[in-house]
$ cat input08.csv   # CSV, C-alpha atoms
chain,number,residue,atom,x,y,z
A,1,MET,CA,199.2,31.7,84.4
A,2,ARG,CA,198.9,34.5,86.8
A,3,TYR,CA,197.6,34.5,90.4
A,4,ARG,CA,195.6,37.0,92.2
A,5,ALA,CA,194.3,37.2,95.8
A,6,PRO,CA,191.2,39.2,97.0
A,7,ALA,CA,191.7,42.8,97.8
A,8,ASP,CA,192.4,43.5,101.5
A,9,ALA,CA,188.8,44.8,102.0
A,10,ALA,CA,187.4,41.3,101.0
A,11,LEU,CA,189.4,39.6,103.8
A,12,LEU,CA,189.2,39.8,107.6
A,13,THR,CA,192.5,38.6,109.0
A,14,ALA,CA,193.4,37.7,112.6
A,15,GLU,CA,196.8,36.7,113.7
A,16,LEU,CA,196.5,33.9,116.2
A,17,ASP,CA,199.5,32.3,117.9
A,18,ALA,CA,199.8,29.2,115.8
A,19,PHE,CA,198.4,30.4,112.5
A,20,THR,CA,196.6,33.2,110.7
A,21,ALA,CA,192.8,33.0,110.4
A,22,VAL,CA,191.4,34.6,107.2
A,23,PHE,CA,187.7,35.1,106.8
A,24,HIS,CA,186.9,35.5,103.1
A,25,ARG,CA,183.8,37.7,103.0
A,26,PRO,CA,182.5,36.8,99.6
A,27,SER,CA,182.3,33.1,100.4
A,28,GLY,CA,181.9,33.3,104.2
A,29,ILE,CA,184.5,30.7,104.6
A,30,THR,CA,187.3,30.9,107.3
A,31,HIS,CA,190.7,29.5,106.4
A,32,LEU,CA,193.5,28.8,108.8
A,33,LEU,CA,196.8,29.6,107.2
A,34,VAL,CA,200.4,29.0,108.3
A,35,SER,CA,203.5,30.6,106.6
A,36,PRO,CA,204.1,31.0,103.8
A,37,ALA,CA,200.4,31.1,102.8
A,38,PRO,CA,199.5,34.5,104.4
A,39,GLU,CA,202.6,36.1,103.0
A,40,ILE,CA,201.8,34.8,99.5
A,41,VAL,CA,198.2,36.0,99.8
A,42,ALA,CA,199.4,39.5,100.9
A,43,LEU,CA,201.7,39.8,97.9
A,44,LEU,CA,199.0,38.8,95.4
A,45,ALA,CA,196.5,41.3,96.7
A,46,ASP,CA,197.5,44.2,94.5
A,47,THR,CA,198.3,43.0,91.0
A,48,PRO,CA,198.2,39.5,89.5
A,49,LEU,CA,201.6,37.9,89.4
A,50,ASP,CA,202.9,34.8,87.6
A,51,LEU,CA,204.8,32.2,89.6
A,52,ASP,CA,208.3,33.3,88.7
A,53,THR,CA,207.6,37.0,89.5
A,54,LEU,CA,206.0,36.0,92.8
A,55,LEU,CA,209.1,34.0,93.7
A,56,VAL,CA,211.3,37.0,93.0
A,57,ARG,CA,209.1,39.3,95.0
A,58,LEU,CA,209.0,36.9,97.9
A,59,GLY,CA,212.8,36.7,97.8
A,60,GLU,CA,213.0,40.5,97.9
A,61,ARG,CA,210.8,40.8,100.9
A,62,TYR,CA,211.9,37.6,102.8
A,63,ASP,CA,214.9,35.5,103.2
A,64,LEU,CA,213.7,32.4,101.3
A,65,ALA,CA,215.7,29.6,102.8
A,66,ASP,CA,214.3,26.9,100.6
A,67,ALA,CA,213.4,28.9,97.4
A,68,SER,CA,211.9,26.4,95.0
A,69,ARG,CA,209.5,26.7,92.1
A,70,ASP,CA,207.9,23.4,93.0
A,71,ALA,CA,207.3,24.3,96.6
A,72,LEU,CA,205.8,27.7,95.6
A,73,ALA,CA,203.6,26.0,93.0
A,74,ALA,CA,202.4,23.5,95.7
A,75,ARG,CA,201.5,26.4,98.0
A,76,LEU,CA,199.7,28.2,95.2
A,77,ASP,CA,197.7,25.1,94.3
A,78,GLU,CA,196.6,24.8,97.8
A,79,LEU,CA,195.4,28.4,97.9
A,80,VAL,CA,193.6,28.1,94.6
A,81,ALA,CA,191.9,24.9,95.8
A,82,ALA,CA,190.8,26.7,99.0
A,83,GLY,CA,189.4,29.6,96.9
A,84,LEU,CA,191.7,32.2,98.4
A,85,VAL,CA,193.7,32.7,95.3
A,86,GLU,CA,192.4,33.0,91.7
A,87,ALA,CA,194.4,31.5,88.8
A,88,LEU,CA,193.9,33.7,85.8
B,1,MET,CA,249.3,56.6,122.4
B,2,SER,CA,246.5,54.3,123.3
B,3,ASP,CA,247.1,51.5,125.8
B,4,GLU,CA,244.5,49.3,124.2
B,5,THR,CA,245.7,46.4,122.1
B,6,PRO,CA,244.4,46.8,118.6
B,7,VAL,CA,242.1,44.0,117.7
B,8,ASP,CA,242.0,42.9,114.0
B,9,GLY,CA,243.5,46.1,112.9
B,10,TYR,CA,240.9,48.2,114.7
B,11,ASN,CA,242.4,51.3,116.2
B,12,PRO,CA,240.0,53.2,118.4
B,13,ALA,CA,242.0,56.4,117.9
B,14,GLN,CA,241.3,56.2,114.2
B,15,ALA,CA,237.7,54.9,114.1
B,16,GLY,CA,235.1,57.5,113.0
B,17,PRO,CA,231.6,57.8,114.5
B,18,ALA,CA,229.8,54.4,114.5
B,19,GLU,CA,227.9,54.0,111.2
B,20,PRO,CA,225.0,51.6,110.5
B,21,ASP,CA,226.1,48.5,108.8
B,22,ASP,CA,224.1,48.9,105.6
B,23,ALA,CA,224.8,45.4,104.3
B,24,ALA,CA,223.5,43.9,107.6
B,25,VAL,CA,220.3,46.0,107.6
B,26,ALA,CA,219.5,45.1,104.0
B,27,THR,CA,219.8,41.4,104.6
B,28,ARG,CA,217.9,41.4,107.9
B,29,ARG,CA,214.8,40.0,106.3
B,30,ARG,CA,212.6,37.6,108.0
B,31,VAL,CA,213.2,34.0,107.0
B,32,LEU,CA,210.3,32.4,105.1
B,33,MET,CA,210.1,28.7,104.5
B,34,LEU,CA,208.1,27.7,101.4
B,35,GLY,CA,207.9,24.2,102.8
B,36,ALA,CA,208.0,20.8,101.2
B,37,VAL,CA,205.9,20.2,98.1
B,38,THR,CA,203.8,17.8,100.1
B,39,ALA,CA,203.4,20.0,103.2
B,40,GLY,CA,200.1,21.8,103.7
B,41,ALA,CA,199.7,25.5,104.7
B,42,VAL,CA,195.9,26.0,104.3
B,43,VAL,CA,193.0,24.5,106.2
B,44,SER,CA,189.5,25.7,105.4
B,45,ILE,CA,186.9,25.6,108.1
B,46,ARG,CA,183.7,24.3,106.6
B,47,PRO,CA,180.5,24.2,108.5
B,48,ALA,CA,179.4,20.7,109.4
B,49,LEU,CA,176.4,21.1,107.2
B,50,ALA,CA,178.5,20.6,104.0
B,51,GLN,CA,180.7,17.6,104.7
B,52,THR,CA,180.9,15.9,101.3
B,53,ALA,CA,180.0,16.7,97.8
B,54,GLY,CA,177.6,13.8,97.9
B,55,SER,CA,175.7,15.0,100.9
B,56,VAL,CA,175.2,18.5,99.4
B,57,MET,CA,173.8,17.2,96.2
B,58,THR,CA,171.2,14.9,97.9
B,59,CYS,CA,170.1,17.3,100.6
B,60,GLU,CA,166.6,18.5,100.2
B,61,ILE,CA,164.7,21.8,100.2
B,62,PRO,CA,160.9,21.6,100.6
B,63,VAL,CA,158.9,24.5,99.1
B,64,PRO,CA,157.6,25.8,101.4
B,65,ASP,CA,159.3,24.3,104.6
B,66,LEU,CA,157.4,21.7,106.6
B,67,GLY,CA,156.4,24.2,109.2
B,68,ARG,CA,154.3,26.0,106.6
B,69,ALA,CA,153.3,23.0,104.6
B,70,GLY,CA,150.2,23.5,102.4
B,71,ARG,CA,150.7,27.3,102.0
B,72,PHE,CA,151.2,28.9,98.6
B,73,ILE,CA,154.2,30.7,97.2
B,74,ASP,CA,153.6,34.1,95.6
B,75,PRO,CA,155.7,35.2,92.6
B,76,ALA,CA,158.1,37.1,94.9
B,77,GLY,CA,158.8,34.0,96.9
B,78,ASN,CA,156.7,35.0,99.9
B,79,VAL,CA,154.7,32.2,101.7
B,80,VAL,CA,151.0,33.2,101.5
B,81,ALA,CA,147.6,31.6,102.4
B,82,PRO,CA,146.5,28.7,100.3
B,83,GLY,CA,144.5,29.8,97.3
B,84,THR,CA,145.9,33.3,97.2
B,85,LYS,CA,145.3,34.7,93.7
B,86,GLY,CA,148.5,34.6,91.6
B,87,ALA,CA,150.3,32.4,94.0
B,88,PHE,CA,151.5,28.9,93.3
B,89,PRO,CA,150.7,25.7,95.2
B,90,PRO,CA,153.5,24.0,97.2
B,91,ALA,CA,156.0,21.9,95.3
B,92,SER,CA,154.8,18.3,95.1
B,93,ARG,CA,158.0,17.0,96.5
B,94,PRO,CA,161.2,18.5,98.1
B,95,PHE,CA,163.9,19.5,95.6
B,96,LYS,CA,167.3,17.9,95.8
B,97,GLY,CA,170.4,20.1,96.3
B,98,GLU,CA,171.6,19.2,92.8
B,99,GLU,CA,168.3,20.3,91.3
B,100,VAL,CA,168.3,23.6,93.2
B,101,LYS,CA,172.0,24.3,92.3
B,102,ARG,CA,171.1,23.9,88.6
B,103,ALA,CA,168.1,26.2,89.0
B,104,LEU,CA,170.2,28.8,90.6
B,105,ALA,CA,172.4,28.6,87.6
B,106,GLY,CA,169.4,29.2,85.2
B,107,ALA,CA,167.8,25.8,84.7
B,108,GLN,CA,164.3,25.0,85.7
B,109,LEU,CA,163.2,23.1,88.8
B,110,PRO,CA,161.6,19.7,87.8
B,111,GLY,CA,157.8,19.8,87.6
B,112,THR,CA,157.6,23.6,87.4
B,113,THR,CA,156.4,26.1,84.8
B,114,TYR,CA,158.5,29.2,84.0
B,115,GLU,CA,156.4,31.2,86.5
B,116,SER,CA,156.3,28.7,89.3
B,117,ASN,CA,160.0,28.1,88.9
B,118,ARG,CA,160.7,31.7,89.4
B,119,ALA,CA,158.4,31.8,92.5
B,120,TYR,CA,160.1,28.8,94.0
B,121,VAL,CA,163.6,30.0,93.3
B,122,SER,CA,162.7,33.3,94.9
B,123,TYR,CA,161.4,31.5,97.9
B,124,ILE,CA,164.6,29.5,98.2
B,125,ARG,CA,166.9,32.4,97.8
B,126,ARG,CA,165.2,34.2,100.7
B,127,LEU,CA,165.4,31.3,103.1
B,128,GLN,CA,166.8,32.3,106.5
B,129,ARG,CA,168.6,30.4,109.2
B,130,GLY,CA,166.1,28.4,111.2
B,131,GLN,CA,163.8,27.7,108.2
B,132,GLY,CA,163.7,24.2,106.8
B,133,GLY,CA,166.0,23.9,103.8
B,134,PHE,CA,168.3,26.8,104.7
B,135,THR,CA,171.2,24.5,105.6
B,136,CYS,CA,170.9,22.7,102.3
B,137,PHE,CA,170.6,26.0,100.4
B,138,ALA,CA,173.6,27.6,102.2
B,139,SER,CA,175.8,24.6,101.5
B,140,LEU,CA,175.0,24.8,97.8
B,141,GLN,CA,176.7,28.1,97.7
B,142,MET,CA,180.0,26.9,99.1
B,143,PRO,CA,182.7,27.1,96.4
B,144,ARG,CA,183.7,23.5,96.8
B,145,GLY,CA,181.7,20.5,98.0
$ encode --input "input08.csv" --output "structure tokens"
Amino acid sequence: MRYRAPADAALLTAELDAFTAVFHRPSGITHLLVSPAPEIVALLADTPLDLDTLLVRLGERYDLADASRDALAARLDELVAAGLVEAL
Amino acid sequence: MSDETPVDGYNPAQAGPAEPDDAAVATRRRVLMLGAVTAGAVVSIRPALAQTAGSVMTCEIPVPDLGRAGRFIDPAGNVVAPGTKGAFPPASRPFKGEEVKRALAGAQLPGTTYESNRAYVSYIRRLQRGQGGFTCFASLQMPRG
């Protein structure tokens, strides 16, 4: 199972104090994201990644204090349910 | 001979130019918490017009809208004068969201012929904000609910 986020051009992102607002152009829906969701979406924008590879890439870019497959899976499920990430 | 007391073996007389601490730079990544499994990180703002899956499926789209009741629909979906040649009479009843959703996916609206279905669907697809049924139509296109 690999995950993919829309290309940058398909999203309009605004950093607000408490969260990141993401307007998904194809659906016209605005989502409010808090970390780690925007970081996950950004990493999945280029090429589809599976969960383990995504966990590794997140660990390379950030200091994952609570690295856990289950937690990342829960975040991905949320993003898929919202329509921001596609499960391939 | 320096008057300073060496600290932890550091002797200023022997120290070379200050060099960046490579190890510290490499690990100076921002902390990112993945969160508990039950925590939430995404909230989607949905317009009030699509509150539950039930309400979407039972909302109605009259063809044409009530403000233009009685007028005909031409094959391209335009609303034209009653009796216009080649145009279809208004739908006998408003269509439910569920029925329109299926028609958008290729099924036929109830009570229509192939041609009148195409005309009605074209009309529906071209609904604008402010026209009766637009809200229902827009909510059909939301990915969920």
$ closest_atom_pairs --input "input08.csv" --of "chain A" --to "chain B" --cutoff "12 Å" --atoms "all atoms listed in the file" --output "JSON lines"
{"residue": "A:Ala18", "atom": "CA", "partner": "B:Ala41", "partner_atom": "CA", "distance": 11.7}
{"residue": "A:Phe19", "atom": "CA", "partner": "B:Ala41", "partner_atom": "CA", "distance": 9.3}
{"residue": "A:Thr20", "atom": "CA", "partner": "B:Val42", "partner_atom": "CA", "distance": 9.7}
{"residue": "A:Ala21", "atom": "CA", "partner": "B:Ser44", "partner_atom": "CA", "distance": 9.4}
{"residue": "A:Val22", "atom": "CA", "partner": "B:Ser44", "partner_atom": "CA", "distance": 9.3}
{"residue": "A:Phe23", "atom": "CA", "partner": "B:Ile45", "partner_atom": "CA", "distance": 9.6}
{"residue": "A:His24", "atom": "CA", "partner": "B:Ser44", "partner_atom": "CA", "distance": 10.4}
{"residue": "A:Pro26", "atom": "CA", "partner": "B:Pro143", "partner_atom": "CA", "distance": 10.2}
{"residue": "A:Ser27", "atom": "CA", "partner": "B:Met142", "partner_atom": "CA", "distance": 6.7}
{"residue": "A:Gly28", "atom": "CA", "partner": "B:Met142", "partner_atom": "CA", "distance": 8.4}
{"residue": "A:Ile29", "atom": "CA", "partner": "B:Ile45", "partner_atom": "CA", "distance": 6.6}
{"residue": "A:Thr30", "atom": "CA", "partner": "B:Ile45", "partner_atom": "CA", "distance": 5.4}
{"residue": "A:His31", "atom": "CA", "partner": "B:Ser44", "partner_atom": "CA", "distance": 4.1}
{"residue": "A:Leu32", "atom": "CA", "partner": "B:Val43", "partner_atom": "CA", "distance": 5.0}
{"residue": "A:Leu33", "atom": "CA", "partner": "B:Val42", "partner_atom": "CA", "distance": 4.7}
{"residue": "A:Val34", "atom": "CA", "partner": "B:Ala41", "partner_atom": "CA", "distance": 5.1}
{"residue": "A:Ser35", "atom": "CA", "partner": "B:Ala41", "partner_atom": "CA", "distance": 6.6}
{"residue": "A:Pro36", "atom": "CA", "partner": "B:Leu34", "partner_atom": "CA", "distance": 5.7}
{"residue": "A:Ala37", "atom": "CA", "partner": "B:Ala41", "partner_atom": "CA", "distance": 6.0}
{"residue": "A:Pro38", "atom": "CA", "partner": "B:Ala41", "partner_atom": "CA", "distance": 9.0}
{"residue": "A:Glu39", "atom": "CA", "partner": "B:Leu32", "partner_atom": "CA", "distance": 8.8}
{"residue": "A:Ile40", "atom": "CA", "partner": "B:Leu34", "partner_atom": "CA", "distance": 9.7}
{"residue": "A:Val41", "atom": "CA", "partner": "B:Val42", "partner_atom": "CA", "distance": 11.2}
{"residue": "A:Leu55", "atom": "CA", "partner": "B:Leu34", "partner_atom": "CA", "distance": 10.0}
{"residue": "A:Leu58", "atom": "CA", "partner": "B:Leu32", "partner_atom": "CA", "distance": 8.6}
{"residue": "A:Gly59", "atom": "CA", "partner": "B:Leu32", "partner_atom": "CA", "distance": 8.8}
{"residue": "A:Glu60", "atom": "CA", "partner": "B:Arg29", "partner_atom": "CA", "distance": 8.6}
{"residue": "A:Arg61", "atom": "CA", "partner": "B:Arg29", "partner_atom": "CA", "distance": 6.8}
{"residue": "A:Tyr62", "atom": "CA", "partner": "B:Arg29", "partner_atom": "CA", "distance": 5.1}
{"residue": "A:Asp63", "atom": "CA", "partner": "B:Val31", "partner_atom": "CA", "distance": 4.4}
{"residue": "A:Leu64", "atom": "CA", "partner": "B:Leu32", "partner_atom": "CA", "distance": 5.1}
{"residue": "A:Ala65", "atom": "CA", "partner": "B:Met33", "partner_atom": "CA", "distance": 5.9}
{"residue": "A:Asp66", "atom": "CA", "partner": "B:Met33", "partner_atom": "CA", "distance": 6.0}
{"residue": "A:Ala67", "atom": "CA", "partner": "B:Leu34", "partner_atom": "CA", "distance": 6.7}
{"residue": "A:Ser68", "atom": "CA", "partner": "B:Leu34", "partner_atom": "CA", "distance": 7.6}
{"residue": "A:Arg69", "atom": "CA", "partner": "B:Leu34", "partner_atom": "CA", "distance": 9.5}
{"residue": "A:Asp70", "atom": "CA", "partner": "B:Val37", "partner_atom": "CA", "distance": 6.3}
{"residue": "A:Ala71", "atom": "CA", "partner": "B:Val37", "partner_atom": "CA", "distance": 4.6}
{"residue": "A:Leu72", "atom": "CA", "partner": "B:Leu34", "partner_atom": "CA", "distance": 6.2}
{"residue": "A:Ala73", "atom": "CA", "partner": "B:Val37", "partner_atom": "CA", "distance": 8.1}
{"residue": "A:Ala74", "atom": "CA", "partner": "B:Val37", "partner_atom": "CA", "distance": 5.4}
{"residue": "A:Arg75", "atom": "CA", "partner": "B:Ala41", "partner_atom": "CA", "distance": 7.0}
{"residue": "A:Leu76", "atom": "CA", "partner": "B:Ala41", "partner_atom": "CA", "distance": 9.9}
{"residue": "A:Asp77", "atom": "CA", "partner": "B:Val42", "partner_atom": "CA", "distance": 10.2}
{"residue": "A:Glu78", "atom": "CA", "partner": "B:Val42", "partner_atom": "CA", "distance": 6.6}
{"residue": "A:Leu79", "atom": "CA", "partner": "B:Val42", "partner_atom": "CA", "distance": 6.9}
{"residue": "A:Val80", "atom": "CA", "partner": "B:Val42", "partner_atom": "CA", "distance": 10.2}
{"residue": "A:Ala81", "atom": "CA", "partner": "B:Arg144", "partner_atom": "CA", "distance": 8.4}
{"residue": "A:Ala82", "atom": "CA", "partner": "B:Ser44", "partner_atom": "CA", "distance": 6.6}
{"residue": "A:Gly83", "atom": "CA", "partner": "B:Pro143", "partner_atom": "CA", "distance": 7.2}
{"residue": "A:Leu84", "atom": "CA", "partner": "B:Val42", "partner_atom": "CA", "distance": 9.5}
{"residue": "A:Val85", "atom": "CA", "partner": "B:Val42", "partner_atom": "CA", "distance": 11.4}
$ atom_distance --input "input08.csv" --atom1 "CA of Gly130 in chain B" --atom2 "CA of Phe95 in chain B"
18.1 Å
$ atom_distance --input "input08.csv" --atom1 "CA of Ala5 in chain A" --atom2 "CA of Leu44 in chain A"
5.0 Å
$ atom_distance --input "input08.csv" --atom1 "CA of Leu109 in chain B" --atom2 "CA of Lys96 in chain B"
9.6 Å
$ residues_around --input "input08.csv" --residues "range 71-86 of chain B" --least-positions-apart "4" --cutoff "6 Å" --atoms "all atoms listed in the file" --output "JSON, numbers by chain"
{"B": [90, 119, 122, 123]}
$ residues_near_point --input "input08.csv" --point "(164.7, 21.8, 97.6)" --cutoff "8 Å" --atoms "all atoms listed in the file" --output "PyMOL selection string"
chain B and resi 59-63+94-97+99-100+124+133+136-137
$ build_atoms --input "input08.csv" --residues "range 8-31 of chain A" --atoms "N, CA, C and O atoms" --output "PDB file, in the coordinates of the input"
ATOM      1  N   ASP A   8     192.374  43.557 100.000  1.00  0.00           N
ATOM      2  CA  ASP A   8     192.400  43.500 101.500  1.00  0.00           C
ATOM      3  C   ASP A   8     190.984  43.664 102.062  1.00  0.00           C
ATOM      4  O   ASP A   8     190.652  43.051 103.061  1.00  0.00           O
ATOM      5  N   ALA A   9     190.158  44.495 101.423  1.00  0.00           N
ATOM      6  CA  ALA A   9     188.800  44.800 102.000  1.00  0.00           C
ATOM      7  C   ALA A   9     187.950  43.513 101.964  1.00  0.00           C
ATOM      8  O   ALA A   9     186.986  43.415 102.730  1.00  0.00           O
ATOM      9  N   ALA A  10     188.280  42.540 101.124  1.00  0.00           N
ATOM     10  CA  ALA A  10     187.400  41.300 101.000  1.00  0.00           C
ATOM     11  C   ALA A  10     187.817  40.302 102.081  1.00  0.00           C
ATOM     12  O   ALA A  10     187.161  39.267 102.200  1.00  0.00           O
ATOM     13  N   LEU A  11     188.896  40.564 102.818  1.00  0.00           N
ATOM     14  CA  LEU A  11     189.400  39.600 103.800  1.00  0.00           C
ATOM     15  C   LEU A  11     189.349  40.204 105.195  1.00  0.00           C
ATOM     16  O   LEU A  11     189.594  41.395 105.368  1.00  0.00           O
ATOM     17  N   LEU A  12     189.074  39.365 106.179  1.00  0.00           N
ATOM     18  CA  LEU A  12     189.200  39.800 107.600  1.00  0.00           C
ATOM     19  C   LEU A  12     190.269  38.849 108.139  1.00  0.00           C
ATOM     20  O   LEU A  12     190.094  37.630 108.153  1.00  0.00           O
ATOM     21  N   THR A  13     191.385  39.412 108.577  1.00  0.00           N
ATOM     22  CA  THR A  13     192.500  38.600 109.000  1.00  0.00           C
ATOM     23  C   THR A  13     192.782  38.740 110.467  1.00  0.00           C
ATOM     24  O   THR A  13     192.733  39.853 110.994  1.00  0.00           O
ATOM     25  N   ALA A  14     193.044  37.623 111.143  1.00  0.00           N
ATOM     26  CA  ALA A  14     193.400  37.700 112.600  1.00  0.00           C
ATOM     27  C   ALA A  14     194.613  36.819 112.793  1.00  0.00           C
ATOM     28  O   ALA A  14     194.653  35.642 112.437  1.00  0.00           O
ATOM     29  N   GLU A  15     195.625  37.426 113.384  1.00  0.00           N
ATOM     30  CA  GLU A  15     196.800  36.700 113.700  1.00  0.00           C
ATOM     31  C   GLU A  15     196.638  35.960 115.022  1.00  0.00           C
ATOM     32  O   GLU A  15     196.436  36.586 116.053  1.00  0.00           O
ATOM     33  N   LEU A  16     196.653  34.649 114.942  1.00  0.00           N
ATOM     34  CA  LEU A  16     196.500  33.900 116.200  1.00  0.00           C
ATOM     35  C   LEU A  16     197.920  33.251 116.434  1.00  0.00           C
ATOM     36  O   LEU A  16     198.777  33.259 115.578  1.00  0.00           O
ATOM     37  N   ASP A  17     198.122  32.709 117.581  1.00  0.00           N
ATOM     38  CA  ASP A  17     199.500  32.300 117.900  1.00  0.00           C
ATOM     39  C   ASP A  17     200.051  31.296 116.920  1.00  0.00           C
ATOM     40  O   ASP A  17     201.151  31.450 116.435  1.00  0.00           O
ATOM     41  N   ALA A  18     199.276  30.256 116.634  1.00  0.00           N
ATOM     42  CA  ALA A  18     199.800  29.200 115.800  1.00  0.00           C
ATOM     43  C   ALA A  18     199.646  29.422 114.333  1.00  0.00           C
ATOM     44  O   ALA A  18     200.338  28.832 113.520  1.00  0.00           O
ATOM     45  N   PHE A  19     198.678  30.283 113.968  1.00  0.00           N
ATOM     46  CA  PHE A  19     198.400  30.400 112.500  1.00  0.00           C
ATOM     47  C   PHE A  19     197.667  31.777 112.342  1.00  0.00           C
ATOM     48  O   PHE A  19     197.399  32.512 113.285  1.00  0.00           O
ATOM     49  N   THR A  20     197.374  32.045 111.083  1.00  0.00           N
ATOM     50  CA  THR A  20     196.600  33.200 110.700  1.00  0.00           C
ATOM     51  C   THR A  20     195.243  32.794 110.258  1.00  0.00           C
ATOM     52  O   THR A  20     195.125  31.938 109.381  1.00  0.00           O
ATOM     53  N   ALA A  21     194.197  33.360 110.850  1.00  0.00           N
ATOM     54  CA  ALA A  21     192.800  33.000 110.400  1.00  0.00           C
ATOM     55  C   ALA A  21     192.431  34.089 109.372  1.00  0.00           C
ATOM     56  O   ALA A  21     192.638  35.279 109.577  1.00  0.00           O
ATOM     57  N   VAL A  22     191.880  33.645 108.259  1.00  0.00           N
ATOM     58  CA  VAL A  22     191.400  34.600 107.200  1.00  0.00           C
ATOM     59  C   VAL A  22     189.987  34.272 106.880  1.00  0.00           C
ATOM     60  O   VAL A  22     189.648  33.166 106.456  1.00  0.00           O
ATOM     61  N   PHE A  23     189.135  35.262 107.116  1.00  0.00           N
ATOM     62  CA  PHE A  23     187.700  35.100 106.800  1.00  0.00           C
ATOM     63  C   PHE A  23     187.542  35.762 105.399  1.00  0.00           C
ATOM     64  O   PHE A  23     187.830  36.947 105.197  1.00  0.00           O
ATOM     65  N   HIS A  24     187.090  34.986 104.451  1.00  0.00           N
ATOM     66  CA  HIS A  24     186.900  35.500 103.100  1.00  0.00           C
ATOM     67  C   HIS A  24     185.443  35.898 102.964  1.00  0.00           C
ATOM     68  O   HIS A  24     184.532  35.065 102.915  1.00  0.00           O
ATOM     69  N   ARG A  25     185.225  37.210 102.946  1.00  0.00           N
ATOM     70  CA  ARG A  25     183.800  37.700 103.000  1.00  0.00           C
ATOM     71  C   ARG A  25     182.937  37.213 101.919  1.00  0.00           C
ATOM     72  O   ARG A  25     181.803  36.833 102.197  1.00  0.00           O
ATOM     73  N   PRO A  26     183.391  37.199 100.660  1.00  0.00           N
ATOM     74  CA  PRO A  26     182.500  36.800  99.600  1.00  0.00           C
ATOM     75  C   PRO A  26     181.918  35.362  99.786  1.00  0.00           C
ATOM     76  O   PRO A  26     180.759  35.108  99.470  1.00  0.00           O
ATOM     77  N   SER A  27     182.749  34.452 100.303  1.00  0.00           N
ATOM     78  CA  SER A  27     182.300  33.100 100.400  1.00  0.00           C
ATOM     79  C   SER A  27     181.817  32.767 101.847  1.00  0.00           C
ATOM     80  O   SER A  27     181.132  31.775 102.075  1.00  0.00           O
ATOM     81  N   GLY A  28     182.213  33.607 102.808  1.00  0.00           N
ATOM     82  CA  GLY A  28     181.900  33.300 104.200  1.00  0.00           C
ATOM     83  C   GLY A  28     182.645  32.219 104.819  1.00  0.00           C
ATOM     84  O   GLY A  28     182.311  31.728 105.893  1.00  0.00           O
ATOM     85  N   ILE A  29     183.719  31.810 104.134  1.00  0.00           N
ATOM     86  CA  ILE A  29     184.500  30.700 104.600  1.00  0.00           C
ATOM     87  C   ILE A  29     185.733  31.222 105.395  1.00  0.00           C
ATOM     88  O   ILE A  29     186.361  32.186 104.971  1.00  0.00           O
ATOM     89  N   THR A  30     186.051  30.581 106.508  1.00  0.00           N
ATOM     90  CA  THR A  30     187.300  30.900 107.300  1.00  0.00           C
ATOM     91  C   THR A  30     188.337  29.904 106.949  1.00  0.00           C
ATOM     92  O   THR A  30     188.092  28.700 106.963  1.00  0.00           O
ATOM     93  N   HIS A  31     189.515  30.387 106.664  1.00  0.00           N
ATOM     94  CA  HIS A  31     190.700  29.500 106.400  1.00  0.00           C
ATOM     95  C   HIS A  31     191.709  29.761 107.449  1.00  0.00           C
ATOM     96  O   HIS A  31     191.893  30.881 107.915  1.00  0.00           O
TER      97      HIS A  31
END
